[in-house]
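Read the structure below first, then the notes.
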Amino acid sequence: MANIIDIAKRAGVSVSTVSRVLNNHPYVSEMKRKAVQRVIDEFDYTPNRLAVDLVRKETRSIGVVMPYNNNQAFDQLLHGVLNRSVEHDYSVMVLPTKYDPEKELSCLNMLKNKQLDGIIITSRSNDWNAIVPYTKYGTIVACEFTDHPEIDCAYMDRYASFLDTFQLLKDKGHSRVAFTTARGEESASTQLTKKAYKHIFGDLPPAYHISDCQSIDDGLRAAQQLLNMENRPTAIYANGDEVAAGFYQYARSIELGVPNDLAIIGQENQPVGIGLGLSTVDHQLVKVGEEAFDLTIDSSNNKVEIPYHIIVRHSI
């Protein structure tokens, strides 16, 4: 198998010239570049990527820490990252953690071991104090706001969106409002949802919050529980349009009218919600993912807020 020395001899150039060609260095004459490329093609030479990365001092790879890879919200964030990675010729490694703190730290160790140039954290299980020390090994970008100066972030104001959504339902005449979340009390998003609910409606009846909802089936399960209560809610704020679709399906099956008997609003403007005409809160997660990627490769120490939009359709 040919090596870089063989290529240099056959092309009649120095080893350093071959190295510069392999690393796309700009200061190589076109004549020498073509000569080296001809020999590379002749030998069918493939450079050792680890060696090239060591020379470049970069891998042109970033990791995306995702709790789950079958969740519409995280899929949208990843879609945004991939949009930008193709434009900039970067590889993306998806790092699912299932909210396991140890798995999350093992992903961060990939920065320390120079396997990645940077990491985007879509959602985390560790405290920031455990994450910040890894910034000395590479760029870390969060998809939530953090005031730690070492962490860049592309984020939307989730609390403001929760407040606006609950206020919209209240303005529509609803006082018995239930909501679903993907996780329980350990989730910062759940805590913000409950805080916003209390600000608009006062104390939350425990039965009006159902966690562990991510799919249409989860929405059906939650709907069966909520809509058969004696004092059933008149409005539902679901944590995703697929969950909202489950509520819509079950409500229709028991002959509840939407929105006259039950108002429904979801999140993230997903195709199923568009098809059913469900109102939604679009947090523009694809845009968040795109901005997170840009921050990762720019290392600019910025905090970029992405606006959200409430899209009102006939379900409320």
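In the structure tokens, chains take letters A, B, ... by order of appearance, with residues numbered from 1 within each chain and ligands from 1 in the order shown.
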Excluding region 65-71 of chain A and any residue of its chain fewer than 6 positions from it, enumerate the residues within 10 Å of it, using only C-alpha atoms, and give them as a ChimeraX atom specification. /A:77-78,93-100,103-104,107-108,119-125,142,182,214-215,240,242
Who sits within 12 Å of Glu42 (chain A), only C-alpha atoms, same chain under 2 positions skipped, as a list in words: Met1, Ala2, Asp6, Ile7, Arg10, Ala11, Ala35, Val36, Gln37, Arg38, Val39, Ile40, Asp44, Tyr45 and Thr46 of chain A
Selection above as a file: N, CA and C atoms, as a PDB file, in the first residue's frame:
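Output contents, as saved in out_32.pdb:
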```pdb
ATOM      1  N   MET A   1       0.843  -1.191   0.000  1.00  0.00           N
ATOM      2  CA  MET A   1       0.000   0.000   0.000  1.00  0.00           C
ATOM      3  C   MET A   1       0.880   1.244   0.000  1.00  0.00           C
ATOM      4  N   ALA A   2       0.571   2.169  -0.903  1.00  0.00           N
ATOM      5  CA  ALA A   2       1.359   3.397  -1.010  1.00  0.00           C
ATOM      6  C   ALA A   2       1.184   4.265   0.219  1.00  0.00           C
ATOM      7  N   ASP A   6       5.833   7.592  -0.869  1.00  0.00           N
ATOM      8  CA  ASP A   6       5.757   7.043  -2.228  1.00  0.00           C
ATOM      9  C   ASP A   6       5.124   8.043  -3.189  1.00  0.00           C
ATOM     10  N   ILE A   7       4.075   8.711  -2.720  1.00  0.00           N
ATOM     11  CA  ILE A   7       3.387   9.685  -3.571  1.00  0.00           C
ATOM     12  C   ILE A   7       4.308  10.852  -3.902  1.00  0.00           C
ATOM     13  N   ARG A  10       6.931   9.720  -6.586  1.00  0.00           N
ATOM     14  CA  ARG A  10       6.365   9.542  -7.921  1.00  0.00           C
ATOM     15  C   ARG A  10       5.970  10.890  -8.532  1.00  0.00           C
ATOM     16  N   ALA A  11       5.482  11.823  -7.700  1.00  0.00           N
ATOM     17  CA  ALA A  11       5.051  13.116  -8.225  1.00  0.00           C
ATOM     18  C   ALA A  11       6.202  14.100  -8.390  1.00  0.00           C
ATOM     19  N   ALA A  35      -0.212  17.371 -10.197  1.00  0.00           N
ATOM     20  CA  ALA A  35       0.736  16.255 -10.244  1.00  0.00           C
ATOM     21  C   ALA A  35       0.518  15.310  -9.078  1.00  0.00           C
ATOM     22  N   VAL A  36       0.335  15.882  -7.901  1.00  0.00           N
ATOM     23  CA  VAL A  36       0.093  15.052  -6.715  1.00  0.00           C
ATOM     24  C   VAL A  36      -1.234  14.325  -6.842  1.00  0.00           C
ATOM     25  N   GLN A  37      -2.261  15.009  -7.326  1.00  0.00           N
ATOM     26  CA  GLN A  37      -3.572  14.387  -7.436  1.00  0.00           C
ATOM     27  C   GLN A  37      -3.562  13.233  -8.433  1.00  0.00           C
ATOM     28  N   ARG A  38      -2.772  13.357  -9.523  1.00  0.00           N
ATOM     29  CA  ARG A  38      -2.665  12.276 -10.495  1.00  0.00           C
ATOM     30  C   ARG A  38      -2.089  11.013  -9.861  1.00  0.00           C
ATOM     31  N   VAL A  39      -1.054  11.193  -9.027  1.00  0.00           N
ATOM     32  CA  VAL A  39      -0.432  10.039  -8.367  1.00  0.00           C
ATOM     33  C   VAL A  39      -1.380   9.449  -7.322  1.00  0.00           C
ATOM     34  N   ILE A  40      -2.087  10.301  -6.611  1.00  0.00           N
ATOM     35  CA  ILE A  40      -3.068   9.815  -5.626  1.00  0.00           C
ATOM     36  C   ILE A  40      -4.101   8.944  -6.319  1.00  0.00           C
ATOM     37  N   ASP A  44      -4.698   4.999  -6.010  1.00  0.00           N
ATOM     38  CA  ASP A  44      -5.960   4.831  -5.285  1.00  0.00           C
ATOM     39  C   ASP A  44      -5.725   5.035  -3.786  1.00  0.00           C
ATOM     40  N   TYR A  45      -5.008   6.103  -3.500  1.00  0.00           N
ATOM     41  CA  TYR A  45      -4.556   6.361  -2.129  1.00  0.00           C
ATOM     42  C   TYR A  45      -5.661   7.011  -1.306  1.00  0.00           C
ATOM     43  N   THR A  46      -5.882   6.482  -0.109  1.00  0.00           N
ATOM     44  CA  THR A  46      -6.807   7.074   0.852  1.00  0.00           C
ATOM     45  C   THR A  46      -6.020   7.457   2.094  1.00  0.00           C
TER      46      THR A  46
END
```
From the list A:Gln224, A:Asn23, A:Thr165, A:Thr135, which residue is nearest Gly118 (chain A) when using only C-alpha atoms? A:Thr135
Shell of 10 Å around Ile216 (chain A), only C-alpha atoms, local chain residues under 6 positions omitted, as a ChimeraX atom specification: /A:222,240-249,272
So that I have them on file, write out the residues from the current selection with N, CA, C and O atoms, as an mmCIF file, in the first residue's frame.
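result_32.cif was written with the following content:
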```
data_model
loop_
_atom_site.group_PDB
_atom_site.id
_atom_site.type_symbol
_atom_site.label_atom_id
_atom_site.label_comp_id
_atom_site.auth_asym_id
_atom_site.auth_seq_id
_atom_site.Cartn_x
_atom_site.Cartn_y
_atom_site.Cartn_z
ATOM 1 N N ALA A 222 -53.400 9.791 27.360
ATOM 2 C CA ALA A 222 -53.668 10.955 28.207
ATOM 3 C C ALA A 222 -55.101 11.440 28.038
ATOM 4 O O ALA A 222 -55.754 11.848 29.012
ATOM 5 N N GLY A 240 -46.620 18.511 21.924
ATOM 6 C CA GLY A 240 -46.223 18.219 20.544
ATOM 7 C C GLY A 240 -47.481 17.991 19.724
ATOM 8 O O GLY A 240 -48.530 17.595 20.265
ATOM 9 N N ASP A 241 -47.403 18.223 18.424
ATOM 10 C CA ASP A 241 -48.588 18.055 17.589
ATOM 11 C C ASP A 241 -49.012 16.597 17.464
ATOM 12 O O ASP A 241 -50.187 16.312 17.244
ATOM 13 N N GLU A 242 -48.061 15.658 17.588
ATOM 14 C CA GLU A 242 -48.455 14.251 17.561
ATOM 15 C C GLU A 242 -49.282 13.917 18.809
ATOM 16 O O GLU A 242 -50.279 13.196 18.720
ATOM 17 N N VAL A 243 -48.874 14.407 19.960
ATOM 18 C CA VAL A 243 -49.652 14.203 21.187
ATOM 19 C C VAL A 243 -51.023 14.863 21.034
ATOM 20 O O VAL A 243 -52.061 14.287 21.387
ATOM 21 N N ALA A 244 -51.032 16.081 20.485
ATOM 22 C CA ALA A 244 -52.297 16.788 20.257
ATOM 23 C C ALA A 244 -53.207 15.999 19.327
ATOM 24 O O ALA A 244 -54.434 15.956 19.512
ATOM 25 N N ALA A 245 -52.629 15.335 18.323
ATOM 26 C CA ALA A 245 -53.415 14.524 17.392
ATOM 27 C C ALA A 245 -54.084 13.360 18.114
ATOM 28 O O ALA A 245 -55.210 12.959 17.767
ATOM 29 N N GLY A 246 -53.398 12.791 19.119
ATOM 30 C CA GLY A 246 -54.008 11.728 19.917
ATOM 31 C C GLY A 246 -55.241 12.230 20.658
ATOM 32 O O GLY A 246 -56.268 11.537 20.730
ATOM 33 N N PHE A 247 -55.149 13.444 21.209
ATOM 34 C CA PHE A 247 -56.309 14.046 21.874
ATOM 35 C C PHE A 247 -57.445 14.272 20.880
ATOM 36 O O PHE A 247 -58.617 13.994 21.183
ATOM 37 N N TYR A 248 -57.103 14.765 19.716
ATOM 38 C CA TYR A 248 -58.108 15.041 18.685
ATOM 39 C C TYR A 248 -58.821 13.746 18.293
ATOM 40 O O TYR A 248 -60.061 13.694 18.208
ATOM 41 N N GLN A 249 -58.044 12.691 18.077
ATOM 42 C CA GLN A 249 -58.620 11.408 17.666
ATOM 43 C C GLN A 249 -59.561 10.860 18.730
ATOM 44 O O GLN A 249 -60.677 10.403 18.423
ATOM 45 N N VAL A 272 -48.642 16.345 11.021
ATOM 46 C CA VAL A 272 -49.913 15.785 11.473
ATOM 47 C C VAL A 272 -50.827 16.887 11.992
ATOM 48 O O VAL A 272 -52.055 16.855 11.777
#
```
For a quick check of understanding, using only C-alpha atoms, which of A:Ile316, A:Leu220, A:Leu111, A:Ala292 has the smallest distance to Ile151 (chain A)?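 Between A:Ile316, A:Leu220, A:Leu111, A:Ala292, the residue approaching Ile151 (chain A) most closely is A:Ala292.
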Please extract the residues of region 148-211 of chain A with a backbone DSSP assignment of alpha helix (DSSP H) and present them as number ranges by chain. A: 158-171, 188-201
Pick out the residues sitting within 8 Å of Ala263 (chain A), and hand them over as a count of residues only; count only C-alpha atoms, and ignore anything fewer than 6 positions along from it in its own chain. 5
Within region 34-278 of chain A, find each residue whose DSSP state, derived from the backbone, is strand (DSSP E), and express the selection as number ranges by chain. A: 61-66, 91-96, 118-121, 139-142, 152-155, 177-180, 209-210, 235-237, 263-267
Selected residues, N, CA and C atoms, written as a JSON list (two decimals), in the first residue's frame, please.
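The resulting file, part29.json, is shown below:
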```json
[["chain", "number", "residue", "atom", "x", "y", "z"],
["A", 61, "SER", "N", -15.86, 17.45, 12.46],
["A", 61, "SER", "CA", -16.99, 16.67, 12.93],
["A", 61, "SER", "C", -17.52, 17.29, 14.21],
["A", 62, "ILE", "N", -18.83, 17.32, 14.33],
["A", 62, "ILE", "CA", -19.44, 17.79, 15.58],
["A", 62, "ILE", "C", -20.42, 16.74, 16.07],
["A", 63, "GLY", "N", -20.62, 16.71, 17.38],
["A", 63, "GLY", "CA", -21.57, 15.78, 17.98],
["A", 63, "GLY", "C", -22.84, 16.50, 18.39],
["A", 64, "VAL", "N", -23.96, 15.81, 18.28],
["A", 64, "VAL", "CA", -25.25, 16.36, 18.71],
["A", 64, "VAL", "C", -25.81, 15.44, 19.80],
["A", 65, "VAL", "N", -25.80, 15.93, 21.03],
["A", 65, "VAL", "CA", -26.32, 15.17, 22.16],
["A", 65, "VAL", "C", -27.84, 15.28, 22.14],
["A", 66, "MET", "N", -28.49, 14.13, 21.97],
["A", 66, "MET", "CA", -29.95, 14.07, 21.91],
["A", 66, "MET", "C", -30.45, 12.99, 22.85],
["A", 91, "SER", "N", -19.08, 16.64, 9.20],
["A", 91, "SER", "CA", -19.78, 15.41, 9.58],
["A", 91, "SER", "C", -20.48, 15.64, 10.91],
["A", 92, "VAL", "N", -21.60, 14.95, 11.08],
["A", 92, "VAL", "CA", -22.38, 15.08, 12.32],
["A", 92, "VAL", "C", -22.54, 13.70, 12.95],
["A", 93, "MET", "N", -22.20, 13.60, 14.22],
["A", 93, "MET", "CA", -22.37, 12.35, 14.97],
["A", 93, "MET", "C", -23.52, 12.54, 15.95],
["A", 94, "VAL", "N", -24.56, 11.72, 15.82],
["A", 94, "VAL", "CA", -25.70, 11.78, 16.73],
["A", 94, "VAL", "C", -25.38, 10.96, 17.97],
["A", 95, "LEU", "N", -25.57, 11.57, 19.15],
["A", 95, "LEU", "CA", -25.18, 10.95, 20.41],
["A", 95, "LEU", "C", -26.39, 10.85, 21.34],
["A", 96, "PRO", "N", -27.20, 9.78, 21.20],
["A", 96, "PRO", "CA", -28.38, 9.62, 22.06],
["A", 96, "PRO", "C", -27.98, 9.22, 23.48],
["A", 118, "GLY", "N", -16.61, 20.06, 18.28],
["A", 118, "GLY", "CA", -17.58, 20.72, 19.14],
["A", 118, "GLY", "C", -18.78, 19.83, 19.38],
["A", 119, "ILE", "N", -19.62, 20.25, 20.34],
["A", 119, "ILE", "CA", -20.81, 19.48, 20.70],
["A", 119, "ILE", "C", -21.99, 20.43, 20.85],
["A", 120, "ILE", "N", -23.12, 20.02, 20.30],
["A", 120, "ILE", "CA", -24.39, 20.72, 20.50],
["A", 120, "ILE", "C", -25.23, 19.88, 21.47],
["A", 121, "ILE", "N", -25.70, 20.50, 22.53],
["A", 121, "ILE", "CA", -26.53, 19.81, 23.52],
["A", 121, "ILE", "C", -27.97, 20.25, 23.31],
["A", 139, "THR", "N", -15.71, 23.58, 21.57],
["A", 139, "THR", "CA", -16.91, 24.41, 21.68],
["A", 139, "THR", "C", -18.11, 23.58, 22.11],
["A", 140, "ILE", "N", -18.87, 24.11, 23.06],
["A", 140, "ILE", "CA", -20.13, 23.50, 23.48],
["A", 140, "ILE", "C", -21.23, 24.52, 23.29],
["A", 141, "VAL", "N", -22.28, 24.12, 22.59],
["A", 141, "VAL", "CA", -23.41, 25.01, 22.31],
["A", 141, "VAL", "C", -24.67, 24.37, 22.86],
["A", 142, "ALA", "N", -25.49, 25.15, 23.55],
["A", 142, "ALA", "CA", -26.74, 24.66, 24.12],
["A", 142, "ALA", "C", -27.93, 25.14, 23.30],
["A", 152, "ASP", "N", -22.00, 28.88, 24.42],
["A", 152, "ASP", "CA", -22.85, 29.57, 23.45],
["A", 152, "ASP", "C", -24.23, 28.93, 23.48],
["A", 153, "CYS", "N", -25.25, 29.68, 23.03],
["A", 153, "CYS", "CA", -26.57, 29.06, 22.98],
["A", 153, "CYS", "C", -27.43, 29.67, 21.88],
["A", 154, "ALA", "N", -28.18, 28.79, 21.23],
["A", 154, "ALA", "CA", -29.24, 29.18, 20.31],
["A", 154, "ALA", "C", -30.53, 28.67, 20.97],
["A", 155, "TYR", "N", -31.46, 29.55, 21.24],
["A", 155, "TYR", "CA", -32.58, 29.16, 22.10],
["A", 155, "TYR", "C", -33.83, 29.96, 21.74],
["A", 177, "VAL", "N", -57.90, 24.02, 32.14],
["A", 177, "VAL", "CA", -56.90, 23.75, 31.10],
["A", 177, "VAL", "C", -55.92, 22.70, 31.61],
["A", 178, "ALA", "N", -55.73, 21.64, 30.86],
["A", 178, "ALA", "CA", -54.75, 20.61, 31.19],
["A", 178, "ALA", "C", -53.60, 20.67, 30.20],
["A", 179, "PHE", "N", -52.47, 20.09, 30.56],
["A", 179, "PHE", "CA", -51.33, 20.07, 29.64],
["A", 179, "PHE", "C", -50.54, 18.78, 29.81],
["A", 180, "THR", "N", -49.76, 18.47, 28.78],
["A", 180, "THR", "CA", -48.89, 17.29, 28.81],
["A", 180, "THR", "C", -47.45, 17.73, 28.65],
["A", 209, "HIS", "N", -52.07, 17.57, 34.78],
["A", 209, "HIS", "CA", -50.74, 17.46, 34.16],
["A", 209, "HIS", "C", -50.41, 15.99, 33.98],
["A", 210, "ILE", "N", -50.15, 15.60, 32.73],
["A", 210, "ILE", "CA", -49.76, 14.22, 32.44],
["A", 210, "ILE", "C", -48.41, 14.24, 31.73],
["A", 235, "ALA", "N", -59.84, 22.54, 27.67],
["A", 235, "ALA", "CA", -58.76, 22.87, 26.75],
["A", 235, "ALA", "C", -57.52, 22.07, 27.10],
["A", 236, "ILE", "N", -56.77, 21.71, 26.07],
["A", 236, "ILE", "CA", -55.55, 20.91, 26.23],
["A", 236, "ILE", "C", -54.40, 21.64, 25.54],
["A", 237, "TYR", "N", -53.29, 21.78, 26.28],
["A", 237, "TYR", "CA", -52.04, 22.26, 25.67],
["A", 237, "TYR", "C", -51.09, 21.07, 25.65],
["A", 263, "ALA", "N", -60.93, 22.47, 23.26],
["A", 263, "ALA", "CA", -59.92, 23.21, 22.49],
["A", 263, "ALA", "C", -58.58, 22.49, 22.61],
["A", 264, "ILE", "N", -57.85, 22.42, 21.50],
["A", 264, "ILE", "CA", -56.57, 21.71, 21.48],
["A", 264, "ILE", "C", -55.52, 22.57, 20.81],
["A", 265, "ILE", "N", -54.37, 22.68, 21.46],
["A", 265, "ILE", "CA", -53.21, 23.34, 20.84],
["A", 265, "ILE", "C", -51.97, 22.50, 21.13],
["A", 266, "GLY", "N", -51.13, 22.33, 20.11],
["A", 266, "GLY", "CA", -49.93, 21.53, 20.26],
["A", 266, "GLY", "C", -48.68, 22.38, 20.14],
["A", 267, "GLN", "N", -47.60, 21.73, 19.72],
["A", 267, "GLN", "CA", -46.32, 22.42, 19.56],
["A", 267, "GLN", "C", -45.59, 21.91, 18.32]]
```
Residues within 12 Å of Lys195 (chain A), please, as a count of residues only. Count only C-alpha atoms; anything in the same chain fewer than 3 positions from it doesn't count. 19
Residues at most 12 Å from Gly80 (chain A), counting only C-alpha atoms, excluding those fewer than 5 positions away in the same chain, as a list in words?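 Non-adjacent residues within range: Val64, Ala73, Phe74, Asp75, Ser85, Val86, Glu87, Val92, Ile120, Thr122, Cys143, Ala154, Gln284, Leu285, Val286, Lys287, Val288, Gly289, Glu290, Glu291, Ala292, Phe293 and Asp294 of chain A.
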Could you write those residues out with C-alpha atoms, as a CSV table (one decimal), in the first residue's frame?
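That gives us part_36.csv:
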```csv
chain,number,residue,atom,x,y,z
A,64,VAL,CA,-25.2,16.4,18.7
A,73,ALA,CA,-38.8,18.2,18.5
A,74,PHE,CA,-35.3,16.7,18.6
A,75,ASP,CA,-35.6,15.6,15.0
A,85,SER,CA,-23.4,20.7,8.1
A,86,VAL,CA,-23.9,19.9,4.4
A,87,GLU,CA,-23.3,23.5,3.4
A,92,VAL,CA,-22.4,15.1,12.3
A,120,ILE,CA,-24.4,20.7,20.5
A,122,THR,CA,-30.2,19.7,22.5
A,143,CYS,CA,-30.2,24.7,22.6
A,154,ALA,CA,-29.2,29.2,20.3
A,284,GLN,CA,-38.8,27.2,15.0
A,285,LEU,CA,-36.6,24.3,16.1
A,286,VAL,CA,-35.0,23.8,12.7
A,287,LYS,CA,-33.8,27.4,12.9
A,288,VAL,CA,-32.5,26.8,16.4
A,289,GLY,CA,-30.5,23.8,15.1
A,290,GLU,CA,-29.1,25.9,12.2
A,291,GLU,CA,-28.0,28.7,14.5
A,292,ALA,CA,-26.5,26.1,17.0
A,293,PHE,CA,-24.4,24.7,14.2
A,294,ASP,CA,-23.2,28.2,13.1
```
For Ala8 (chain A), list every protein, DNA or RNA residue within 9 Å, evaluated using only C-alpha atoms, and leave out those in the same chain fewer than 5 positions away; present the list as a PDB file with N, CA and C atoms, in the first residue's frame.
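What landed in selection-v1.pdb:
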```
ATOM      1  N   ASN A   3       2.247   5.038   0.522  1.00  0.00           N
ATOM      2  CA  ASN A   3       2.147   6.007   1.593  1.00  0.00           C
ATOM      3  C   ASN A   3       2.526   7.378   1.045  1.00  0.00           C
ATOM      4  N   VAL A  13       7.760  15.746  -5.901  1.00  0.00           N
ATOM      5  CA  VAL A  13       7.600  16.890  -5.002  1.00  0.00           C
ATOM      6  C   VAL A  13       8.022  16.455  -3.599  1.00  0.00           C
ATOM      7  N   SER A  14       8.035  17.399  -2.682  1.00  0.00           N
ATOM      8  CA  SER A  14       8.398  17.086  -1.305  1.00  0.00           C
ATOM      9  C   SER A  14       7.213  16.466  -0.568  1.00  0.00           C
ATOM     10  N   VAL A  15       7.523  15.788   0.530  1.00  0.00           N
ATOM     11  CA  VAL A  15       6.477  15.212   1.375  1.00  0.00           C
ATOM     12  C   VAL A  15       5.566  16.309   1.909  1.00  0.00           C
ATOM     13  N   SER A  16       6.145  17.463   2.262  1.00  0.00           N
ATOM     14  CA  SER A  16       5.338  18.562   2.799  1.00  0.00           C
ATOM     15  C   SER A  16       4.344  19.075   1.758  1.00  0.00           C
ATOM     16  N   THR A  17       4.751  19.038   0.474  1.00  0.00           N
ATOM     17  CA  THR A  17       3.821  19.462  -0.584  1.00  0.00           C
ATOM     18  C   THR A  17       2.634  18.510  -0.676  1.00  0.00           C
ATOM     19  N   VAL A  18       2.907  17.203  -0.611  1.00  0.00           N
ATOM     20  CA  VAL A  18       1.820  16.221  -0.618  1.00  0.00           C
ATOM     21  C   VAL A  18       0.892  16.457   0.577  1.00  0.00           C
ATOM     22  N   VAL A  36       0.335  15.882  -7.901  1.00  0.00           N
ATOM     23  CA  VAL A  36       0.093  15.052  -6.715  1.00  0.00           C
ATOM     24  C   VAL A  36      -1.234  14.325  -6.842  1.00  0.00           C
ATOM     25  N   VAL A  39      -1.054  11.193  -9.027  1.00  0.00           N
ATOM     26  CA  VAL A  39      -0.432  10.039  -8.367  1.00  0.00           C
ATOM     27  C   VAL A  39      -1.380   9.449  -7.322  1.00  0.00           C
TER      28      VAL A  39
END
```
